[in-house]
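What's in protein-v2.cif: mmCIF, C-alpha atoms
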data_work
loop_
_atom_site.group_PDB
_atom_site.id
_atom_site.type_symbol
_atom_site.label_atom_id
_atom_site.label_comp_id
_atom_site.auth_asym_id
_atom_site.auth_seq_id
_atom_site.Cartn_x
_atom_site.Cartn_y
_atom_site.Cartn_z
ATOM 1 C CA MET V 8 16.281 2.589 12.021
ATOM 2 C CA LEU V 9 12.636 2.294 10.985
ATOM 3 C CA SER V 10 12.105 -0.732 13.245
ATOM 4 C CA SER V 11 13.383 1.242 16.240
ATOM 5 C CA LEU V 12 9.924 2.839 16.241
ATOM 6 C CA PHE V 13 8.751 -0.568 17.496
ATOM 7 C CA VAL V 14 11.827 -2.091 19.127
ATOM 8 C CA SER V 15 13.593 0.431 21.324
ATOM 9 C CA HIS V 16 17.287 -0.240 20.735
ATOM 10 C CA LEU V 17 18.076 3.308 19.641
ATOM 11 C CA LYS V 18 17.406 6.738 21.120
ATOM 12 C CA LYS V 19 14.252 8.179 19.523
ATOM 13 C CA LYS V 20 15.959 11.551 19.086
ATOM 14 C CA VAL V 21 18.838 10.035 17.102
ATOM 15 C CA VAL V 22 16.360 8.256 14.802
ATOM 16 C CA ALA V 23 14.340 11.447 14.341
ATOM 17 C CA PHE V 24 17.465 13.363 13.264
ATOM 18 C CA PHE V 25 18.523 10.523 10.947
ATOM 19 C CA PHE V 26 15.092 10.601 9.239
ATOM 20 C CA ALA V 27 15.228 14.405 9.025
ATOM 21 C CA GLY V 28 18.581 14.043 7.256
ATOM 22 C CA MET V 29 17.080 11.486 4.876
ATOM 23 C CA PHE V 30 14.173 13.809 4.101
ATOM 24 C CA LEU V 31 16.647 16.601 3.374
ATOM 25 C CA GLY V 32 18.746 14.354 1.136
ATOM 26 C CA THR V 33 15.682 13.250 -0.815
ATOM 27 C CA TRP V 34 14.705 16.832 -1.550
ATOM 28 C CA VAL V 35 18.256 17.908 -2.347
ATOM 29 C CA LEU V 36 18.186 15.267 -5.074
ATOM 30 C CA LEU V 37 14.710 16.189 -6.296
ATOM 31 C CA LEU V 38 15.124 19.963 -6.346
ATOM 32 C CA LEU V 39 18.789 20.471 -7.172
ATOM 33 C CA THR V 40 19.468 17.658 -9.602
ATOM 34 C CA LYS V 41 16.056 16.821 -11.118
ATOM 35 C CA HIS V 42 16.945 13.257 -10.189
ATOM 36 C CA THR V 43 13.908 10.974 -10.047
ATOM 37 C CA ILE V 44 13.589 8.978 -6.837
ATOM 38 C CA MET V 45 10.984 6.527 -8.061
ATOM 39 C CA GLU V 46 9.030 6.340 -11.293
ATOM 40 C CA ILE V 47 5.521 5.002 -10.928
ATOM 41 C CA PRO V 48 6.285 1.267 -10.888
ATOM 42 C CA THR V 49 4.035 -0.737 -13.151
ATOM 43 C CA ILE V 50 5.692 -4.118 -13.053
ATOM 44 C CA ARG V 51 3.968 -5.202 -9.816
ATOM 45 C CA SER V 52 0.359 -4.805 -8.722
ATOM 46 C CA ILE V 53 -0.622 -2.691 -5.744
ATOM 47 C CA GLY V 54 -1.495 -5.916 -3.905
ATOM 48 C CA ASP V 55 2.107 -7.082 -4.315
ATOM 49 C CA TYR V 56 3.373 -3.843 -2.763
ATOM 50 C CA LEU V 57 0.947 -4.106 0.157
ATOM 51 C CA LEU V 58 1.633 -7.776 0.932
ATOM 52 C CA GLY V 59 5.359 -7.586 0.115
ATOM 53 C CA GLY V 60 5.734 -4.456 2.232
ATOM 54 C CA PHE V 61 4.059 -6.246 5.143
ATOM 55 C CA PHE V 62 6.463 -9.200 4.806
ATOM 56 C CA VAL V 63 9.493 -6.888 4.662
ATOM 57 C CA GLY V 64 8.386 -5.018 7.795
ATOM 58 C CA PHE V 65 7.516 -8.232 9.644
ATOM 59 C CA GLY V 66 10.842 -9.830 8.731
ATOM 60 C CA THR V 67 12.877 -6.742 9.596
ATOM 61 C CA VAL V 68 11.621 -6.667 13.183
ATOM 62 C CA LEU V 69 11.691 -10.441 13.656
ATOM 63 C CA SER V 70 15.269 -10.819 12.394
ATOM 64 C CA ASN V 71 16.325 -7.427 13.788
ATOM 65 C CA GLY V 72 17.775 -6.071 10.527
ATOM 66 C CA CYS V 73 17.302 -5.283 6.843
ATOM 67 C CA THR V 74 19.412 -4.943 3.664
ATOM 68 C CA SER V 75 21.276 -2.053 5.276
ATOM 69 C CA GLY V 76 21.254 -3.371 8.862
ATOM 70 C CA HIS V 77 22.301 -6.960 8.202
ATOM 71 C CA GLY V 78 23.504 -6.709 4.599
ATOM 72 C CA ILE V 79 25.822 -3.725 4.969
ATOM 73 C CA CYS V 80 26.442 -2.913 8.645
ATOM 74 C CA GLY V 81 26.366 -6.522 9.895
ATOM 75 C CA VAL V 82 28.327 -8.074 7.032
ATOM 76 C CA SER V 83 30.991 -5.338 7.409
ATOM 77 C CA ARG V 84 31.449 -6.446 11.025
ATOM 78 C CA PHE V 85 31.567 -10.123 9.949
ATOM 79 C CA SER V 86 28.616 -10.787 12.268
ATOM 80 C CA LYS V 87 27.567 -14.440 12.048
ATOM 81 C CA ARG V 88 23.892 -13.517 12.491
ATOM 82 C CA SER V 89 24.036 -10.936 9.732
ATOM 83 C CA LEU V 90 25.970 -13.143 7.303
ATOM 84 C CA LEU V 91 23.320 -15.857 7.725
ATOM 85 C CA ALA V 92 20.381 -13.425 7.474
ATOM 86 C CA THR V 93 21.878 -11.816 4.336
ATOM 87 C CA ALA V 94 22.413 -15.210 2.688
ATOM 88 C CA ILE V 95 18.801 -16.193 3.481
ATOM 89 C CA PHE V 96 17.127 -13.006 2.252
ATOM 90 C CA LEU V 97 19.293 -12.840 -0.880
ATOM 91 C CA ALA V 98 18.407 -16.464 -1.702
ATOM 92 C CA THR V 99 14.656 -16.037 -1.082
ATOM 93 C CA GLY V 100 14.634 -12.634 -2.803
ATOM 94 C CA ILE V 101 16.285 -14.121 -5.908
ATOM 95 C CA ALA V 102 13.944 -17.122 -5.860
ATOM 96 C CA VAL V 103 10.765 -15.043 -5.526
ATOM 97 C CA ALA V 104 11.752 -12.344 -8.055
ATOM 98 C CA THR V 105 12.803 -15.004 -10.573
ATOM 99 C CA LEU V 106 9.534 -16.929 -10.110
ATOM 100 C CA TYR V 107 7.577 -13.689 -10.622
ATOM 101 C CA GLY V 108 9.582 -13.088 -13.798
ATOM 102 C CA LEU V 109 8.891 -16.577 -15.086
ATOM 103 C CA PHE V 110 5.229 -16.950 -14.237
ATOM 104 C CA ILE V 111 3.650 -13.570 -13.582
ATOM 105 C CA GLU V 112 5.513 -11.017 -15.728
ATOM 106 C CA ALA V 113 5.718 -13.490 -18.619
ATOM 107 C CA ALA V 114 1.931 -13.911 -18.514
ATOM 108 C CA HIS V 115 1.489 -10.196 -19.302
ATOM 109 C CA ILE V 116 3.686 -10.186 -22.411
ATOM 110 C CA MET J 28 22.697 19.064 20.664
ATOM 111 C CA LYS J 29 26.131 18.873 19.076
ATOM 112 C CA ASN J 30 25.957 15.111 18.597
ATOM 113 C CA MET J 31 22.757 15.376 16.547
ATOM 114 C CA TRP J 32 24.857 16.408 13.546
ATOM 115 C CA ALA J 33 26.045 12.824 13.255
ATOM 116 C CA PRO J 34 22.591 11.224 12.664
ATOM 117 C CA LEU J 35 21.463 14.221 10.571
ATOM 118 C CA LEU J 36 24.445 14.034 8.221
ATOM 119 C CA SER J 37 24.336 10.217 8.168
ATOM 120 C CA GLY J 38 20.678 10.319 7.121
ATOM 121 C CA LEU J 39 21.467 12.927 4.451
ATOM 122 C CA LEU J 40 24.326 10.864 3.002
ATOM 123 C CA PHE J 41 22.284 7.654 3.211
ATOM 124 C CA SER J 42 19.370 9.001 1.170
ATOM 125 C CA LEU J 43 21.671 10.756 -1.334
ATOM 126 C CA GLY J 44 23.589 7.506 -1.795
ATOM 127 C CA LEU J 45 20.488 5.382 -2.260
ATOM 128 C CA GLY J 46 18.941 7.894 -4.646
ATOM 129 C CA VAL J 47 22.017 8.477 -6.813
ATOM 130 C CA ALA J 48 22.729 4.728 -6.980
ATOM 131 C CA GLY J 49 19.195 4.112 -8.240
ATOM 132 C CA MET J 50 18.347 1.875 -5.283
ATOM 133 C CA THR J 51 15.018 3.648 -4.741
ATOM 134 C CA GLU J 52 13.854 2.385 -8.137
ATOM 135 C CA PRO J 53 12.368 -1.095 -7.514
ATOM 136 C CA GLN J 54 13.031 -2.100 -11.122
ATOM 137 C CA ASN J 55 16.798 -1.832 -10.550
ATOM 138 C CA ILE J 56 16.576 -4.179 -7.555
ATOM 139 C CA LEU J 57 14.333 -6.646 -9.378
ATOM 140 C CA ASN J 58 16.723 -6.671 -12.350
ATOM 141 C CA PHE J 59 19.332 -8.065 -9.969
ATOM 142 C CA LEU J 60 17.065 -10.429 -8.020
ATOM 143 C CA ASN J 61 15.414 -11.835 -11.155
ATOM 144 C CA ILE J 62 18.196 -13.895 -12.729
ATOM 145 C CA ASP J 63 16.774 -13.570 -16.239
ATOM 146 C CA LEU J 64 19.973 -13.148 -18.283
ATOM 147 C CA ARG J 65 18.286 -10.808 -20.773
ATOM 148 C CA THR J 66 17.727 -8.139 -18.109
ATOM 149 C CA TRP J 67 20.202 -9.061 -15.377
ATOM 150 C CA SER J 68 22.108 -6.175 -13.770
ATOM 151 C CA PHE J 69 24.915 -6.094 -11.193
ATOM 152 C CA ASP J 70 24.015 -2.645 -9.835
ATOM 153 C CA LEU J 71 22.848 -3.829 -6.423
ATOM 154 C CA LEU J 72 26.043 -5.827 -5.879
ATOM 155 C CA TRP J 73 28.207 -2.789 -6.666
ATOM 156 C CA VAL J 74 26.278 -0.622 -4.225
ATOM 157 C CA MET J 75 26.224 -3.204 -1.414
ATOM 158 C CA GLY J 76 29.819 -4.262 -2.021
ATOM 159 C CA GLY J 77 30.994 -0.644 -2.138
ATOM 160 C CA ALA J 78 29.212 0.199 1.096
ATOM 161 C CA ILE J 79 30.620 -2.899 2.817
ATOM 162 C CA LEU J 80 34.147 -2.096 1.650
ATOM 163 C CA VAL J 81 33.925 1.485 2.937
ATOM 164 C CA TYR J 82 32.377 0.606 6.309
ATOM 165 C CA ALA J 83 34.500 -2.497 6.972
ATOM 166 C CA THR J 84 37.676 -0.424 6.403
ATOM 167 C CA LEU J 85 36.592 2.708 8.263
ATOM 168 C CA ARG J 86 35.260 0.652 11.161
ATOM 169 C CA LEU J 87 38.713 -0.819 11.806
ATOM 170 C CA LEU J 88 40.215 2.684 11.861
ATOM 171 C CA ILE J 89 37.427 4.038 14.082
ATOM 172 C CA LEU J 90 37.864 1.205 16.589
ATOM 173 C CA GLN J 91 41.489 2.293 17.083
ATOM 174 C CA LYS J 92 40.170 5.380 18.838
ATOM 175 C CA ALA J 93 39.300 5.503 22.549
ATOM 176 C CA HIS J 94 35.697 6.545 21.849
ATOM 177 C CA PRO J 95 33.450 7.625 18.938
ATOM 178 C CA MET J 96 33.593 11.264 17.840
ATOM 179 C CA PHE J 97 30.209 12.202 19.326
ATOM 180 C CA GLU J 98 29.832 9.688 22.203
ATOM 181 C CA LYS J 99 31.754 8.898 25.388
ATOM 182 C CA LYS J 100 32.041 5.181 24.657
ATOM 183 C CA PHE J 101 31.374 2.559 21.978
ATOM 184 C CA PRO J 102 28.083 0.634 22.278
ATOM 185 C CA PRO J 103 28.285 -2.783 24.007
ATOM 186 C CA ALA J 104 28.691 -5.895 21.854
ATOM 187 C CA ILE J 105 25.347 -7.350 20.715
ATOM 188 C CA SER J 106 24.085 -10.936 20.740
ATOM 189 C CA GLN J 107 25.595 -13.377 18.256
ATOM 190 C CA LYS J 108 22.973 -16.052 18.935
ATOM 191 C CA ILE J 109 21.425 -17.585 15.832
ATOM 192 C CA ASP J 110 17.786 -18.329 16.628
ATOM 193 C CA ASP J 111 14.510 -19.188 14.859
ATOM 194 C CA LYS J 112 13.455 -15.546 14.831
ATOM 195 C CA LEU J 113 16.510 -14.575 12.772
ATOM 196 C CA ILE J 114 15.921 -17.308 10.198
ATOM 197 C CA ILE J 115 12.133 -16.913 9.906
ATOM 198 C CA GLY J 116 12.479 -13.125 9.821
ATOM 199 C CA ALA J 117 15.071 -13.238 7.029
ATOM 200 C CA LEU J 118 12.836 -15.626 5.041
ATOM 201 C CA PHE J 119 9.852 -13.237 5.260
ATOM 202 C CA PHE J 120 12.119 -10.306 4.421
ATOM 203 C CA GLY J 121 13.470 -12.020 1.309
ATOM 204 C CA VAL J 122 10.007 -12.981 0.044
ATOM 205 C CA GLY J 123 8.718 -9.416 0.442
ATOM 206 C CA TRP J 124 11.876 -7.982 -1.116
ATOM 207 C CA GLY J 125 11.554 -10.282 -4.140
ATOM 208 C CA MET J 126 7.865 -9.360 -4.525
ATOM 209 C CA THR J 127 8.427 -5.604 -4.473
ATOM 210 C CA GLY J 128 12.107 -4.764 -4.981
ATOM 211 C CA LEU J 129 11.776 -2.550 -1.913
ATOM 212 C CA CYS J 130 13.448 -2.703 1.504
ATOM 213 C CA PRO J 131 12.969 -0.214 4.363
ATOM 214 C CA GLY J 132 15.667 2.403 3.554
ATOM 215 C CA PRO J 133 14.815 2.975 -0.113
ATOM 216 C CA THR J 134 11.064 2.803 0.655
ATOM 217 C CA LEU J 135 11.475 5.633 3.145
ATOM 218 C CA VAL J 136 13.447 7.765 0.657
ATOM 219 C CA ALA J 137 10.845 7.161 -2.051
ATOM 220 C CA ALA J 138 8.021 7.913 0.409
ATOM 221 C CA PHE J 139 9.757 11.171 1.365
ATOM 222 C CA SER J 140 9.559 12.138 -2.310
ATOM 223 C CA PHE J 141 5.761 11.666 -1.949
ATOM 224 C CA ASN J 142 5.542 8.740 -4.350
ATOM 225 C CA SER J 143 2.156 7.187 -3.610
ATOM 226 C CA THR J 144 3.216 3.556 -4.184
ATOM 227 C CA ALA J 145 6.115 4.021 -1.779
ATOM 228 C CA ILE J 146 3.850 5.612 0.840
ATOM 229 C CA LEU J 147 1.410 2.675 0.638
ATOM 230 C CA THR J 148 4.292 0.195 0.871
ATOM 231 C CA LEU J 149 5.719 2.080 3.847
ATOM 232 C CA VAL J 150 2.369 1.995 5.699
ATOM 233 C CA SER J 151 2.139 -1.747 5.052
ATOM 234 C CA MET J 152 5.734 -2.181 6.229
ATOM 235 C CA LEU J 153 5.007 -0.337 9.472
ATOM 236 C CA ILE J 154 1.949 -2.563 10.052
ATOM 237 C CA GLY J 155 4.182 -5.606 9.449
ATOM 238 C CA MET J 156 6.699 -4.276 11.975
ATOM 239 C CA ALA J 157 4.011 -3.663 14.591
ATOM 240 C CA THR J 158 2.622 -7.161 13.952
ATOM 241 C CA ALA J 159 6.043 -8.756 14.456
ATOM 242 C CA ARG J 160 6.394 -6.794 17.688
ATOM 243 C CA ARG J 161 3.069 -8.215 18.937
ATOM 244 C CA VAL J 162 3.950 -11.760 17.863
ATOM 245 C CA MET J 163 7.301 -11.523 19.670
ATOM 246 C CA LYS J 164 5.631 -10.198 22.822
ATOM 247 C CA ARG J 165 3.085 -13.021 22.843
ATOM 248 C CA TYR J 166 5.382 -15.938 21.994
ATOM 249 C CA GLY J 167 8.644 -14.631 23.427
#
Using structure tokens, write down the structure from this file.
Amino acid sequence: MLSSLFVSHLKKKVVAFFFAGMFLGTWVLLLLTKHTIMEIPTIRSIGDYLLGGFFVGFGTVLSNGCTSGHGICGVSRFSKRSLLATAIFLATGIAVATLYGLFIEAAHI
Amino acid sequence: MKNMWAPLLSGLLFSLGLGVAGMTEPQNILNFLNIDLRTWSFDLLWVMGGAILVYATLRLLILQKAHPMFEKKFPPAISQKIDDKLIIGALFFGVGWGMTGLCPGPTLVAAFSFNSTAILTLVSMLIGMATARRVMKRYG
């Protein structure tokens, strides 16, 4: 959805309405249920968010999918591409988060 | 205009689902990705597995119909070719996901709630997307 701003495989109007719905849903949660969307995360530095965010965006467009696109929609269709992409990003995600836990978070305790 | 209800309601359900399931909280994602047994949590697997179960089942029922509810025909089948871009892209995605605990959907929901960390991450994500677009244009 987000990557369709850069790769035109979806009608812009459909994406705009989807995002409007997401905005609505976010504020339904915030105003009606006092649900928190995100606490201020302290476990990672701002540099991690900037660099990690860049990698996520870069990878989403290059592989044409994300956790929802490949991981949920693609896997549900038994798409070979999506099954492979999901296995790769789960494996690297687990490896990187575990290494952070071992070497970076542990250093702060 | 009628068929704009489908993306609007889908977006609404998507953000409600992510928010209620706690997927917009990076710590919950990292507690799954970091396989430290003292803090390990299954939450992400339940959410992904649940979503897959629902869509995989409904999809089979939907495909029995002649056409989708709001369109005249189903979209054409998409490429099944496994190429370098898919593999390299998924590697980058996984590294960034493990660094932050954030992927595009939840980042957008959190940014819509005006969380400043999420907004910064989203801007960086958009720059990454634009960069990938340029790289793909240059090198095919």
Leaving out stretch 137-150 of chain J and any residue of its chain fewer than 3 positions from it, which residues lie within 10 Å of it when counting all atoms listed in the file, given as JSON, numbers by chain?
{"V": [9, 26, 27, 29, 30, 31, 32, 33, 34, 36, 37, 43, 44, 45, 46, 47, 48, 49, 52, 53, 54, 55, 56, 57, 58, 59, 60, 61, 63, 64], "J": [42, 45, 46, 50, 51, 52, 53, 127, 129, 130, 131, 132, 133, 134, 153, 154, 155, 156]}
For the file shown, what are the residues hit by the PyMOL selection byres ((chain J and resi 56-63) around 9), laid out as a VMD selection string?
(chain V and resid 97 to 98 100 to 109) or (chain J and resid 49 to 55 64 to 72 124 to 129)
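In this structure, atom CA of V:Ile79 sits 9.1 Å away from atom CA of J:Leu80.
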Any idea what's packed within 12 Å of V:Phe25, counting all atoms listed in the file, ignoring anything in its chain fewer than 2 positions away? Could you give it as a PyMOL selection string?
(chain V and resi 8-9+11+17-23+27-32) or (chain J and resi 30-42+132+135-136)
Give as a list in words the set of residues within 8 Å of the point (24.3, -11.1, 8.4), where distances use the file's coordinates and all atoms listed in the file.
His77, Gly78, Gly81, Val82, Phe85, Ser86, Lys87, Arg88, Ser89, Leu90, Leu91, Ala92, Thr93 and Ala94 of chain V
Enclose stretch 145-156 of chain J, meaning all of its atoms listed in the file, in a box aligned along x, y and z, pad it by 8 Å on each side, and list the centre and edge lengths in Å to one decimal, as JSON.
{"center_x": 4.1, "center_y": 0.0, "center_z": 5.1, "size_x": 21.3, "size_y": 27.2, "size_z": 29.8}
Complete stretch 47-65 of chain V at the level of N, CA, C and O atoms, written as a PDB file, in the frame of the given file.
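This is the output file part-v9.pdb:
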ATOM      1  N   ILE V  47       6.676   5.782 -11.377  1.00  0.00           N
ATOM      2  CA  ILE V  47       5.521   5.002 -10.928  1.00  0.00           C
ATOM      3  C   ILE V  47       5.729   3.562 -11.404  1.00  0.00           C
ATOM      4  O   ILE V  47       5.766   3.301 -12.603  1.00  0.00           O
ATOM      5  N   PRO V  48       5.971   2.629 -10.458  1.00  0.00           N
ATOM      6  CA  PRO V  48       6.285   1.267 -10.888  1.00  0.00           C
ATOM      7  C   PRO V  48       5.039   0.572 -11.422  1.00  0.00           C
ATOM      8  O   PRO V  48       3.971   0.677 -10.850  1.00  0.00           O
ATOM      9  N   THR V  49       5.184  -0.090 -12.538  1.00  0.00           N
ATOM     10  CA  THR V  49       4.035  -0.737 -13.151  1.00  0.00           C
ATOM     11  C   THR V  49       4.202  -2.243 -13.206  1.00  0.00           C
ATOM     12  O   THR V  49       3.281  -2.966 -13.542  1.00  0.00           O
ATOM     13  N   ILE V  50       5.401  -2.709 -12.841  1.00  0.00           N
ATOM     14  CA  ILE V  50       5.692  -4.118 -13.053  1.00  0.00           C
ATOM     15  C   ILE V  50       5.012  -5.012 -12.012  1.00  0.00           C
ATOM     16  O   ILE V  50       4.770  -6.178 -12.253  1.00  0.00           O
ATOM     17  N   ARG V  51       4.667  -4.439 -10.858  1.00  0.00           N
ATOM     18  CA  ARG V  51       3.968  -5.202  -9.816  1.00  0.00           C
ATOM     19  C   ARG V  51       2.623  -4.550  -9.521  1.00  0.00           C
ATOM     20  O   ARG V  51       2.480  -3.326  -9.648  1.00  0.00           O
ATOM     21  N   SER V  52       1.670  -5.360  -9.061  1.00  0.00           N
ATOM     22  CA  SER V  52       0.359  -4.805  -8.722  1.00  0.00           C
ATOM     23  C   SER V  52       0.414  -4.166  -7.337  1.00  0.00           C
ATOM     24  O   SER V  52       1.333  -4.416  -6.563  1.00  0.00           O
ATOM     25  N   ILE V  53      -0.582  -3.360  -7.044  1.00  0.00           N
ATOM     26  CA  ILE V  53      -0.622  -2.691  -5.744  1.00  0.00           C
ATOM     27  C   ILE V  53      -0.728  -3.724  -4.622  1.00  0.00           C
ATOM     28  O   ILE V  53      -0.171  -3.545  -3.540  1.00  0.00           O
ATOM     29  N   GLY V  54      -1.395  -4.839  -4.896  1.00  0.00           N
ATOM     30  CA  GLY V  54      -1.495  -5.916  -3.905  1.00  0.00           C
ATOM     31  C   GLY V  54      -0.130  -6.485  -3.556  1.00  0.00           C
ATOM     32  O   GLY V  54       0.149  -6.812  -2.395  1.00  0.00           O
ATOM     33  N   ASP V  55       0.742  -6.598  -4.569  1.00  0.00           N
ATOM     34  CA  ASP V  55       2.107  -7.082  -4.315  1.00  0.00           C
ATOM     35  C   ASP V  55       2.844  -6.134  -3.381  1.00  0.00           C
ATOM     36  O   ASP V  55       3.553  -6.570  -2.480  1.00  0.00           O
ATOM     37  N   TYR V  56       2.687  -4.818  -3.617  1.00  0.00           N
ATOM     38  CA  TYR V  56       3.373  -3.843  -2.763  1.00  0.00           C
ATOM     39  C   TYR V  56       2.856  -3.899  -1.327  1.00  0.00           C
ATOM     40  O   TYR V  56       3.628  -3.791  -0.382  1.00  0.00           O
ATOM     41  N   LEU V  57       1.521  -4.075  -1.191  1.00  0.00           N
ATOM     42  CA  LEU V  57       0.947  -4.106   0.157  1.00  0.00           C
ATOM     43  C   LEU V  57       1.400  -5.362   0.902  1.00  0.00           C
ATOM     44  O   LEU V  57       1.877  -5.293   2.032  1.00  0.00           O
ATOM     45  N   LEU V  58       1.268  -6.522   0.259  1.00  0.00           N
ATOM     46  CA  LEU V  58       1.633  -7.776   0.932  1.00  0.00           C
ATOM     47  C   LEU V  58       3.157  -7.874   1.108  1.00  0.00           C
ATOM     48  O   LEU V  58       3.653  -8.227   2.183  1.00  0.00           O
ATOM     49  N   GLY V  59       3.892  -7.533   0.047  1.00  0.00           N
ATOM     50  CA  GLY V  59       5.359  -7.586   0.115  1.00  0.00           C
ATOM     51  C   GLY V  59       5.901  -6.629   1.165  1.00  0.00           C
ATOM     52  O   GLY V  59       6.806  -6.971   1.920  1.00  0.00           O
ATOM     53  N   GLY V  60       5.317  -5.432   1.228  1.00  0.00           N
ATOM     54  CA  GLY V  60       5.734  -4.456   2.232  1.00  0.00           C
ATOM     55  C   GLY V  60       5.507  -4.995   3.641  1.00  0.00           C
ATOM     56  O   GLY V  60       6.363  -4.860   4.515  1.00  0.00           O
ATOM     57  N   PHE V  61       4.366  -5.645   3.833  1.00  0.00           N
ATOM     58  CA  PHE V  61       4.059  -6.246   5.143  1.00  0.00           C
ATOM     59  C   PHE V  61       5.120  -7.284   5.504  1.00  0.00           C
ATOM     60  O   PHE V  61       5.649  -7.283   6.607  1.00  0.00           O
ATOM     61  N   PHE V  62       5.446  -8.155   4.559  1.00  0.00           N
ATOM     62  CA  PHE V  62       6.463  -9.200   4.806  1.00  0.00           C
ATOM     63  C   PHE V  62       7.817  -8.579   5.154  1.00  0.00           C
ATOM     64  O   PHE V  62       8.510  -9.041   6.058  1.00  0.00           O
ATOM     65  N   VAL V  63       8.195  -7.544   4.413  1.00  0.00           N
ATOM     66  CA  VAL V  63       9.493  -6.888   4.662  1.00  0.00           C
ATOM     67  C   VAL V  63       9.521  -6.297   6.075  1.00  0.00           C
ATOM     68  O   VAL V  63      10.481  -6.497   6.828  1.00  0.00           O
ATOM     69  N   GLY V  64       8.446  -5.612   6.459  1.00  0.00           N
ATOM     70  CA  GLY V  64       8.386  -5.018   7.795  1.00  0.00           C
ATOM     71  C   GLY V  64       8.408  -6.088   8.877  1.00  0.00           C
ATOM     72  O   GLY V  64       9.161  -5.995   9.854  1.00  0.00           O
ATOM     73  N   PHE V  65       7.593  -7.124   8.686  1.00  0.00           N
ATOM     74  CA  PHE V  65       7.516  -8.232   9.644  1.00  0.00           C
ATOM     75  C   PHE V  65       8.894  -8.883   9.817  1.00  0.00           C
ATOM     76  O   PHE V  65       9.363  -9.079  10.933  1.00  0.00           O
TER      77      PHE V  65
END
